[in-house]
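Undergrad: Following this message is one structure expressed as structure tokens.
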There are 2 protein chains.
Amino acid sequence: MRNQKIGFNYPPTKVGCPVETTLDVIGGKWKGIILYHLIDGKKRFNEFRKLYPAITQRMLTLQLRELEKDGIVHREIYKEIPPKVEYSLTEFGRSLEPIILLMKEWGETHKNRIISARTVEKEEI
Amino acid sequence: MRNQKIGFNYPPTKVGCPVETTLDVIGGKWKGIILYHLIDGKKRFNEFRKLYPAITQRMLTLQLRELEKDGIVHREIYKEIPPKVEYSLTEFGRSLEPIILLMKEWGETHKNRIISARTVEKEEI
DNA sequence: AAACATAGTATAAAACTGTATACTACAGGG
DNA sequence: CCCTGTAGTATACAGTTTTATACTATGTTT
């Protein structure tokens with residue numbers, strides 16, 4: 001283990017780079033999708049499932065709960081049967097809007113480039 | 001498995017939400033940190049390790065290679081002994097600057113709020 | 001001759017994430 | 001009385017990521 005020593009002690013935790021803080025909040029597997037759709041207004045649980053059927057119920061629940069815990073998303077429960085729950089952005093969540101919109105634009109503009117950069121598996125044999 | 005059927009067929013792959021495309025590029029565990037520091041100019045391999053000693057060599061290599069494959073980062077090898085390799089943003093990588101800077105601002109502004117939102121383990125018994 | 005520096009690679013294990021499947025509650029409709 | 005719909009929860013397993021540790025190359029310095 002010669003190489004690992006680098007002349008100073010490791011900090012106990014990752015001292016936050018601010019960019020990492022933001023990515024921690026919005027970087028979950030389905031959070032981009034969730035936030036992107038919440039910008040247009042509130043959504044019900046199964047609306048998300050219809051928009052992205054590949055999300056399992058468990059993952060959707062987990063991601064929404066994390067966003068809720070971070071104060072980004074508000075969860076409104078209607079005491080009805082069958083159940084009705086609406087998700088929406090909080091005021092705080094709205095502060096992410098410019099970032100989400102920039103990411104949306106960037107993704108739209110460069111999506112094809114990224115896809116082709118990643119599908120070059122073998123150029124030559 | 002009553003609940004999983006939802007009245008339409010699952011698509012074969014996740015049809016890209018543009019926000020997800022962007023998060024796929026910048027959302028890796030250490031990519032925020034890497035990109036944030038590359039905005040100031042080129043960096044050598046061990047400079048990153050000194051900035052964030054918790055990154056292992058392997059992770060740093062993997063993250064840099066992914067950014068390189070996506071065309072975000074340029075890797076310049078100097079044929080010297082001991083080795084010297086410099087990493088920098090490509091022209092394409094520069095197009096991420098506005099997003100990185102917004103994320104940096106958001107993180108700086110709301111870091112404490114996020115930390116405390118996440119450390120409320122039990123309010124009452 | 002041994003040690004140092006840089007930029008990695010190799011391998012295995014541990015930790016975390018995500019999936020699959022089954023299950024719950026309750027009111028209304030047939 | 002059984003089925004439907006909504007919004008979940010529970011459990012176990014599979015898959016992916018991340019970590020830990022050791023190792024490589026090679027020219028220069030001690």
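Chain lettering (A, B, ...) mirrors the order of the structure tokens, residue numbering begins at 1 for each chain separately, and ligand numbering begins at 1 in order of display.
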Identify all chain C residues at most 7 Å from chain B by counting only C-alpha atoms (C1' of nucleotides); ligands do not count. Present them as a list of chain:residue names.
TA: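 Only these qualify: C:DA5, C:DT6, C:DA7, C:DT21, C:DA22.
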Undergrad: Could I get the residues of chain A with an atom no further than 8 Å from an atom of chain B, each paired with its nearest atom pair and that distance in Å to one decimal, using only C-alpha atoms, sorted by chain and residue number, as JSON lines?
TA:
{"residue": "A:Ile6", "atom": "CA", "partner": "B:Lys50", "partner_atom": "CA", "distance": 7.7}
{"residue": "A:Tyr10", "atom": "CA", "partner": "B:Pro53", "partner_atom": "CA", "distance": 6.1}
{"residue": "A:Pro11", "atom": "CA", "partner": "B:Ala54", "partner_atom": "CA", "distance": 7.6}
{"residue": "A:Lys14", "atom": "CA", "partner": "B:Ala54", "partner_atom": "CA", "distance": 6.9}
{"residue": "A:Cys17", "atom": "CA", "partner": "B:Ile33", "partner_atom": "CA", "distance": 6.3}
{"residue": "A:Pro18", "atom": "CA", "partner": "B:Gly107", "partner_atom": "CA", "distance": 4.4}
{"residue": "A:Val19", "atom": "CA", "partner": "B:Lys104", "partner_atom": "CA", "distance": 4.5}
{"residue": "A:Glu20", "atom": "CA", "partner": "B:Gly32", "partner_atom": "CA", "distance": 5.6}
{"residue": "A:Thr21", "atom": "CA", "partner": "B:Gly107", "partner_atom": "CA", "distance": 5.3}
{"residue": "A:Thr22", "atom": "CA", "partner": "B:Gly107", "partner_atom": "CA", "distance": 5.1}
{"residue": "A:Leu23", "atom": "CA", "partner": "B:Gly27", "partner_atom": "CA", "distance": 6.5}
{"residue": "A:Gly27", "atom": "CA", "partner": "B:Gly27", "partner_atom": "CA", "distance": 5.8}
{"residue": "A:Trp30", "atom": "CA", "partner": "B:Glu20", "partner_atom": "CA", "distance": 7.9}
{"residue": "A:Gly32", "atom": "CA", "partner": "B:Val19", "partner_atom": "CA", "distance": 5.5}
{"residue": "A:Ile33", "atom": "CA", "partner": "B:Cys17", "partner_atom": "CA", "distance": 6.4}
{"residue": "A:Tyr36", "atom": "CA", "partner": "B:Val19", "partner_atom": "CA", "distance": 7.0}
{"residue": "A:Lys50", "atom": "CA", "partner": "B:Ile6", "partner_atom": "CA", "distance": 7.7}
{"residue": "A:Tyr52", "atom": "CA", "partner": "B:Lys14", "partner_atom": "CA", "distance": 7.6}
{"residue": "A:Pro53", "atom": "CA", "partner": "B:Tyr10", "partner_atom": "CA", "distance": 5.9}
{"residue": "A:Ala54", "atom": "CA", "partner": "B:Tyr10", "partner_atom": "CA", "distance": 6.5}
{"residue": "A:Lys69", "atom": "CA", "partner": "B:Ala117", "partner_atom": "CA", "distance": 6.5}
{"residue": "A:Asp70", "atom": "CA", "partner": "B:Ala117", "partner_atom": "CA", "distance": 5.6}
{"residue": "A:Gly71", "atom": "CA", "partner": "B:Ala117", "partner_atom": "CA", "distance": 7.4}
{"residue": "A:Leu96", "atom": "CA", "partner": "B:Trp106", "partner_atom": "CA", "distance": 7.8}
{"residue": "A:Ile99", "atom": "CA", "partner": "B:Ile99", "partner_atom": "CA", "distance": 6.4}
{"residue": "A:Ile100", "atom": "CA", "partner": "B:Val19", "partner_atom": "CA", "distance": 6.8}
{"residue": "A:Leu102", "atom": "CA", "partner": "B:Ile99", "partner_atom": "CA", "distance": 6.5}
{"residue": "A:Met103", "atom": "CA", "partner": "B:Val19", "partner_atom": "CA", "distance": 5.3}
{"residue": "A:Lys104", "atom": "CA", "partner": "B:Val19", "partner_atom": "CA", "distance": 4.6}
{"residue": "A:Glu105", "atom": "CA", "partner": "B:Pro18", "partner_atom": "CA", "distance": 7.4}
{"residue": "A:Trp106", "atom": "CA", "partner": "B:Thr22", "partner_atom": "CA", "distance": 6.7}
{"residue": "A:Gly107", "atom": "CA", "partner": "B:Pro18", "partner_atom": "CA", "distance": 4.4}
{"residue": "A:Glu108", "atom": "CA", "partner": "B:Pro18", "partner_atom": "CA", "distance": 5.3}
{"residue": "A:Lys111", "atom": "CA", "partner": "B:Thr21", "partner_atom": "CA", "distance": 6.4}
{"residue": "A:Ile114", "atom": "CA", "partner": "B:Asp70", "partner_atom": "CA", "distance": 6.0}
{"residue": "A:Ala117", "atom": "CA", "partner": "B:Asp70", "partner_atom": "CA", "distance": 5.6}
{"residue": "A:Arg118", "atom": "CA", "partner": "B:Asp70", "partner_atom": "CA", "distance": 6.8}
Undergrad: Show which residues sit within 12 Å of DT4 of chain D, as a PyMOL selection string. Count only C-alpha atoms (C1' of nucleotides), and ignore same-chain residues fewer than 2 positions away.
TA: (chain A and resi 82) or (chain B and resi 2-3) or (chain C and resi 26-30) or (chain D and resi 2+6)
Undergrad: Select, as a PyMOL selection string, those residues of chain D with any atom no more than 9 Å from chain B (distances computed using only C-alpha atoms (C1' of nucleotides)).
TA: chain D and resi 18-19+26-28
Undergrad: Would you list, as a PyMOL selection string, the residues of chain B that end up in helix (DSSP H, G or I) under DSSP run on this structure's backbone?
TA: chain B and resi 18-26+31-38+45-51+57-69+91-94+97-119
Undergrad: I need the residue nearest DC23 of chain D from this list: C:DT17, C:DT9, C:DT24, C:DC4. Use only C-alpha atoms (C1' of nucleotides) for the distance.
TA: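 Of C:DT17, C:DT9, C:DT24, C:DC4, the one nearest DC23 of chain D, counting only C-alpha atoms (C1' of nucleotides), is C:DT9.
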Undergrad: Could you tell me how far atom CA of Leu60 of chain B lies from atom C1' of DG8 of chain C, in Å and to one decimal?
TA: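 The value is 10.3 Å.
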Undergrad: Going by DSSP on the backbone, which bits of segment 2-102 of chain A are strand (DSSP E or B)? Write them as a list of chain:residue names, please.
TA: A:Lys43, A:Arg44, A:Val73, A:His74, A:Arg75, A:Glu76, A:Ile77, A:Tyr78, A:Lys84, A:Val85, A:Glu86, A:Tyr87, A:Ser88, A:Leu89
Undergrad: Would you mind exporting all heavy atoms of the selected residues as a CSV table (one decimal), in the first residue's frame?
TA:
chain,number,residue,atom,x,y,z
A,43,LYS,N,-48.6,16.2,-9.9
A,43,LYS,CA,-48.8,14.9,-10.5
A,43,LYS,C,-49.2,13.9,-9.5
A,43,LYS,O,-48.8,14.0,-8.3
A,43,LYS,CB,-47.5,14.5,-11.2
A,43,LYS,CG,-47.1,15.3,-12.4
A,43,LYS,CD,-47.6,14.8,-13.7
A,43,LYS,CE,-47.2,15.7,-14.8
A,43,LYS,NZ,-47.7,17.1,-14.6
A,44,ARG,N,-50.0,13.0,-9.9
A,44,ARG,CA,-50.4,11.9,-9.0
A,44,ARG,C,-49.4,10.7,-9.2
A,44,ARG,O,-48.7,10.6,-10.2
A,44,ARG,CB,-51.8,11.4,-9.2
A,44,ARG,CG,-52.8,12.4,-8.8
A,44,ARG,CD,-54.2,12.0,-9.1
A,44,ARG,NE,-54.6,10.8,-8.3
A,44,ARG,CZ,-55.8,10.2,-8.4
A,44,ARG,NH1,-56.7,10.7,-9.1
A,44,ARG,NH2,-56.0,9.1,-7.6
A,73,VAL,N,-40.2,18.5,-2.6
A,73,VAL,CA,-41.5,18.1,-3.1
A,73,VAL,C,-42.5,18.0,-1.9
A,73,VAL,O,-42.2,17.7,-0.8
A,73,VAL,CB,-41.4,16.7,-3.7
A,73,VAL,CG1,-42.7,15.9,-3.7
A,73,VAL,CG2,-40.9,16.8,-5.2
A,74,HIS,N,-43.7,18.5,-2.2
A,74,HIS,CA,-44.8,18.4,-1.2
A,74,HIS,C,-45.8,17.3,-1.6
A,74,HIS,O,-46.1,17.0,-2.8
A,74,HIS,CB,-45.6,19.7,-1.2
A,74,HIS,CG,-46.8,19.7,-0.4
A,74,HIS,ND1,-46.8,19.6,1.0
A,74,HIS,CD2,-48.1,19.7,-0.8
A,74,HIS,CE1,-48.1,19.6,1.4
A,74,HIS,NE2,-48.9,19.6,0.4
A,75,ARG,N,-46.2,16.5,-0.6
A,75,ARG,CA,-47.1,15.4,-0.7
A,75,ARG,C,-48.4,15.7,-0.1
A,75,ARG,O,-48.5,15.8,1.1
A,75,ARG,CB,-46.4,14.2,-0.1
A,75,ARG,CG,-47.2,12.9,-0.2
A,75,ARG,CD,-46.2,11.7,0.1
A,75,ARG,NE,-47.0,10.5,0.2
A,75,ARG,CZ,-47.3,9.8,1.3
A,75,ARG,NH1,-46.9,10.3,2.5
A,75,ARG,NH2,-47.9,8.7,1.3
A,76,GLU,N,-49.4,15.8,-0.9
A,76,GLU,CA,-50.8,16.1,-0.4
A,76,GLU,C,-51.6,14.9,-0.5
A,76,GLU,O,-51.9,14.4,-1.6
A,76,GLU,CB,-51.3,17.2,-1.3
A,76,GLU,CG,-52.7,17.7,-0.9
A,76,GLU,CD,-52.7,18.8,0.2
A,76,GLU,OE1,-51.7,19.5,0.2
A,76,GLU,OE2,-53.6,18.8,1.0
A,77,ILE,N,-52.1,14.4,0.7
A,77,ILE,CA,-52.9,13.2,0.7
A,77,ILE,C,-54.4,13.6,0.9
A,77,ILE,O,-54.8,14.4,1.8
A,77,ILE,CB,-52.5,12.4,2.0
A,77,ILE,CG1,-51.0,12.1,1.9
A,77,ILE,CG2,-53.4,11.1,2.0
A,77,ILE,CD1,-50.4,11.7,3.2
A,78,TYR,N,-55.2,13.1,0.0
A,78,TYR,CA,-56.7,13.3,0.1
A,78,TYR,C,-57.3,12.1,0.7
A,78,TYR,O,-57.0,11.0,0.3
A,78,TYR,CB,-57.2,13.5,-1.3
A,78,TYR,CG,-56.8,14.8,-2.0
A,78,TYR,CD1,-55.5,14.8,-2.6
A,78,TYR,CD2,-57.5,15.9,-2.0
A,78,TYR,CE1,-55.1,15.9,-3.3
A,78,TYR,CE2,-57.1,17.1,-2.6
A,78,TYR,CZ,-55.8,17.1,-3.2
A,78,TYR,OH,-55.4,18.2,-3.8
A,84,LYS,N,-55.9,9.0,-3.1
A,84,LYS,CA,-55.5,10.0,-4.0
A,84,LYS,C,-54.4,10.8,-3.3
A,84,LYS,O,-54.5,11.3,-2.2
A,84,LYS,CB,-56.6,11.0,-4.4
A,84,LYS,CG,-56.2,12.1,-5.3
A,84,LYS,CD,-57.4,12.9,-5.7
A,84,LYS,CE,-57.0,14.2,-6.5
A,84,LYS,NZ,-58.2,15.0,-6.8
A,85,VAL,N,-53.2,10.9,-4.0
A,85,VAL,CA,-52.1,11.7,-3.4
A,85,VAL,C,-51.5,12.5,-4.6
A,85,VAL,O,-51.3,12.0,-5.7
A,85,VAL,CB,-51.0,10.7,-2.9
A,85,VAL,CG1,-49.8,11.5,-2.4
A,85,VAL,CG2,-51.5,9.8,-1.8
A,86,GLU,N,-51.3,13.8,-4.3
A,86,GLU,CA,-50.7,14.6,-5.3
A,86,GLU,C,-49.4,15.1,-4.9
A,86,GLU,O,-49.2,15.6,-3.7
A,86,GLU,CB,-51.6,15.8,-5.5
A,86,GLU,CG,-52.8,15.6,-6.5
A,86,GLU,CD,-53.7,16.7,-6.6
A,86,GLU,OE1,-53.5,17.7,-5.9
A,86,GLU,OE2,-54.6,16.7,-7.4
A,87,TYR,N,-48.4,15.1,-5.8
A,87,TYR,CA,-47.1,15.6,-5.6
A,87,TYR,C,-46.9,16.9,-6.3
A,87,TYR,O,-47.3,17.1,-7.5
A,87,TYR,CB,-46.1,14.6,-6.1
A,87,TYR,CG,-46.1,13.3,-5.2
A,87,TYR,CD1,-46.9,12.2,-5.6
A,87,TYR,CD2,-45.3,13.2,-4.1
A,87,TYR,CE1,-46.9,11.1,-4.8
A,87,TYR,CE2,-45.4,12.1,-3.3
A,87,TYR,CZ,-46.2,11.0,-3.7
A,87,TYR,OH,-46.2,9.9,-2.9
A,88,SER,N,-46.2,17.8,-5.7
A,88,SER,CA,-45.9,19.1,-6.3
A,88,SER,C,-44.6,19.7,-5.8
A,88,SER,O,-44.1,19.2,-4.8
A,88,SER,CB,-47.1,20.1,-6.0
A,88,SER,OG,-47.2,20.2,-4.6
A,89,LEU,N,-44.1,20.6,-6.5
A,89,LEU,CA,-42.9,21.3,-6.0
A,89,LEU,C,-43.2,22.3,-4.9
A,89,LEU,O,-44.2,23.0,-5.0
A,89,LEU,CB,-42.2,22.1,-7.2
A,89,LEU,CG,-41.5,21.3,-8.3
A,89,LEU,CD1,-40.9,22.2,-9.3
A,89,LEU,CD2,-40.4,20.4,-7.6
